[in-house]
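A.B. asks: Before we start, here is the structure in question, set down as structure tokens.
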Amino acid sequence: MQLISAISLWIIPVLIGFILVYGTLKKVPTYETFVEGGKEGIKMAVSIIPFLVGMMVAISVFRASGALDYFMEFIRPGLEKIGIPADVIPLAIIRPISGNAALGMTSDLIAAHGPDSFIGRLASTLQGSTDTTFYVLTVYFGAVGIKKMGDALKVGLLADLAGFAAAIVVVTIMFG
């Protein structure tokens, strides 16, 4: 256990040091390259802001309008028949859109049901087995100017669905 702690503590500084030494040996101006990368990073962060604001507004409208609650009441009977707790469906819907909103929902579920409950474990597993697909596509594809993202969206949402299904199966088997 101490070995893993030591490795996790030192891996990043050693990796950075290795990159700097390697770059210097290859006659790359490492400091100037670092500064240039920092400038590009700041430009990228500023260019992402409009996409982030648009996405946050859309999420707020979806939740505040009651559309999420209406949808939940509509699908609740079907979910109960197949043993999926309806409380985790908003998390499954929001997770591909926003990691922060999903984390807030996960925290609420854990506070309401407990960390060792089936719902708490399922929510935690969902957080780790799905991704923020719309966030990635909107922010990163938008920032670099990619306009055609249909196939990436399909694959990303399919991966989220697979992660959701796998989370249900694994949590049911392990803690069912």
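To be explicit about the labels: the chains of the structure tokens are called A, B, and onward in the order shown, and within each one the residues are counted from 1, while ligands get numbers from 1 in the order they are shown.
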Residues of region 133-166 of chain A within 9 Å of region 92-107 of chain A: nearest atom pair and distance (Å, one decimal) for each, counting only C-alpha atoms, sorted by chain and number, as a tab-separated table?
C.D. replies:
residue	atom	partner	partner_atom	distance
A:Thr133	CA	A:Pro96	CA	4.7
A:Phe134	CA	A:Ile97	CA	4.9
A:Tyr135	CA	A:Ile97	CA	5.6
A:Val136	CA	A:Ile97	CA	8.8
A:Gly156	CA	A:Pro96	CA	8.6
A:Leu157	CA	A:Pro96	CA	7.5
A:Asp160	CA	A:Pro96	CA	7.1
A:Leu161	CA	A:Ala92	CA	8.6
A:Phe164	CA	A:Ala92	CA	7.1
A.B. asks: Print the selection's residues with N, CA, C and O atoms to a file, as a short mmCIF file (atom, residue, chain, number, x, y, z; two decimals), in the first residue's frame.
C.D. replies:
data_model
loop_
_atom_site.label_atom_id
_atom_site.label_comp_id
_atom_site.auth_asym_id
_atom_site.auth_seq_id
_atom_site.Cartn_x
_atom_site.Cartn_y
_atom_site.Cartn_z
N THR A 133 -20.53 13.22 -22.68
CA THR A 133 -20.46 13.18 -24.14
C THR A 133 -20.78 14.53 -24.78
O THR A 133 -20.01 15.01 -25.62
N PHE A 134 -21.90 15.14 -24.41
CA PHE A 134 -22.27 16.41 -25.03
C PHE A 134 -21.28 17.51 -24.66
O PHE A 134 -20.98 18.37 -25.48
N TYR A 135 -20.77 17.47 -23.44
CA TYR A 135 -19.76 18.44 -23.01
C TYR A 135 -18.52 18.32 -23.89
O TYR A 135 -18.01 19.31 -24.41
N VAL A 136 -18.03 17.10 -24.05
CA VAL A 136 -16.83 16.87 -24.86
C VAL A 136 -17.05 17.33 -26.29
O VAL A 136 -16.22 18.05 -26.86
N GLY A 156 -20.52 8.10 -28.83
CA GLY A 156 -20.44 8.54 -27.44
C GLY A 156 -21.68 8.18 -26.64
O GLY A 156 -21.59 7.69 -25.51
N LEU A 157 -22.86 8.41 -27.22
CA LEU A 157 -24.09 8.06 -26.51
C LEU A 157 -24.27 6.55 -26.38
O LEU A 157 -24.79 6.07 -25.37
N ASP A 160 -22.17 5.62 -23.52
CA ASP A 160 -22.85 5.98 -22.27
C ASP A 160 -23.94 4.97 -21.92
O ASP A 160 -24.09 4.58 -20.76
N LEU A 161 -24.70 4.56 -22.92
CA LEU A 161 -25.74 3.56 -22.70
C LEU A 161 -25.13 2.23 -22.23
O LEU A 161 -25.64 1.59 -21.30
N PHE A 164 -24.10 2.67 -18.66
CA PHE A 164 -25.27 2.65 -17.79
C PHE A 164 -25.73 1.21 -17.56
O PHE A 164 -25.97 0.79 -16.42
#
A.B. asks: Could you give me, as a ChimeraX atom specification, the residues within 12 Å of Thr125 (chain A), counting only C-alpha atoms and dropping anything in the same chain fewer than 5 positions from it?
C.D. replies: /A:88,91-92,95,103,106,110,115-116,118-120,130-131,163-172,174-175
A.B. asks: Could you pull the residues within 10 Å of Leu52 (chain A), counting only C-alpha atoms, minus those fewer than 3 positions along the same chain, as a PDB file with N, CA and C atoms, in the first residue's frame?
C.D. replies:
ATOM      1  N   SER A  47     -11.816  30.630 -25.644  1.00  0.00           N
ATOM      2  CA  SER A  47     -12.686  30.267 -26.767  1.00  0.00           C
ATOM      3  C   SER A  47     -13.764  29.266 -26.367  1.00  0.00           C
ATOM      4  N   ILE A  48     -13.570  28.557 -25.267  1.00  0.00           N
ATOM      5  CA  ILE A  48     -14.541  27.558 -24.800  1.00  0.00           C
ATOM      6  C   ILE A  48     -15.711  28.208 -24.052  1.00  0.00           C
ATOM      7  N   ILE A  49     -15.513  29.385 -23.497  1.00  0.00           N
ATOM      8  CA  ILE A  49     -16.521  30.020 -22.632  1.00  0.00           C
ATOM      9  C   ILE A  49     -17.908  30.107 -23.268  1.00  0.00           C
ATOM     10  N   MET A  55     -24.325  25.637 -22.892  1.00  0.00           N
ATOM     11  CA  MET A  55     -24.680  24.333 -22.350  1.00  0.00           C
ATOM     12  C   MET A  55     -25.286  24.462 -20.955  1.00  0.00           C
ATOM     13  N   MET A  56     -24.732  25.329 -20.123  1.00  0.00           N
ATOM     14  CA  MET A  56     -25.264  25.513 -18.770  1.00  0.00           C
ATOM     15  C   MET A  56     -26.673  26.078 -18.796  1.00  0.00           C
ATOM     16  N   VAL A  57     -26.941  27.009 -19.706  1.00  0.00           N
ATOM     17  CA  VAL A  57     -28.283  27.565 -19.838  1.00  0.00           C
ATOM     18  C   VAL A  57     -29.267  26.476 -20.265  1.00  0.00           C
ATOM     19  N   ALA A  58     -28.880  25.659 -21.223  1.00  0.00           N
ATOM     20  CA  ALA A  58     -29.760  24.581 -21.689  1.00  0.00           C
ATOM     21  C   ALA A  58     -30.092  23.603 -20.560  1.00  0.00           C
ATOM     22  N   SER A  98     -23.519  17.135 -18.493  1.00  0.00           N
ATOM     23  CA  SER A  98     -22.709  17.948 -17.586  1.00  0.00           C
ATOM     24  C   SER A  98     -22.185  17.120 -16.432  1.00  0.00           C
ATOM     25  N   TYR A 135     -20.775  17.468 -23.445  1.00  0.00           N
ATOM     26  CA  TYR A 135     -19.764  18.440 -23.013  1.00  0.00           C
ATOM     27  C   TYR A 135     -18.522  18.316 -23.891  1.00  0.00           C
ATOM     28  N   THR A 138     -19.400  19.436 -27.507  1.00  0.00           N
ATOM     29  CA  THR A 138     -19.680  20.870 -27.605  1.00  0.00           C
ATOM     30  C   THR A 138     -18.432  21.699 -27.379  1.00  0.00           C
ATOM     31  N   VAL A 139     -17.746  21.414 -26.302  1.00  0.00           N
ATOM     32  CA  VAL A 139     -16.616  22.255 -25.919  1.00  0.00           C
ATOM     33  C   VAL A 139     -15.396  21.990 -26.790  1.00  0.00           C
TER      34      VAL A 139
END
A.B. asks: Pick out the closest residue to Leu68 (chain A) from this set: A:Gly54, A:Gly83, A:Ile89, A:Ile12. Count only C-alpha atoms.
C.D. replies: A:Ile89
A.B. asks: What does the distance from CA of Met1 (chain A) to CA of Gly128 (chain A) come to in Å, to one decimal?
C.D. replies: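 One can read the CA of Met1 (chain A) to CA of Gly128 (chain A) distance as 22.7 Å.
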A.B. asks: Go through A:Thr30, A:Gly23, A:Pro90, A:Leu79 and flag the residue nearest Ile59 (chain A), using only C-alpha atoms for the distances.
C.D. replies: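 Among the listed residues, the smallest separation from Ile59 (chain A) belongs to A:Pro90.
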A.B. asks: May I ask for the distance between CA of Val21 (chain A) and CA of Ser8 (chain A), given in Å to one decimal place?
C.D. replies: 20.8 Å
A.B. asks: Can you work out the spacing between CA of Ala143 (chain A) and CA of Phe51 (chain A) in Å, to one decimal?
C.D. replies: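 According to the coordinates, CA of Ala143 (chain A) and CA of Phe51 (chain A) are separated by 8.3 Å.
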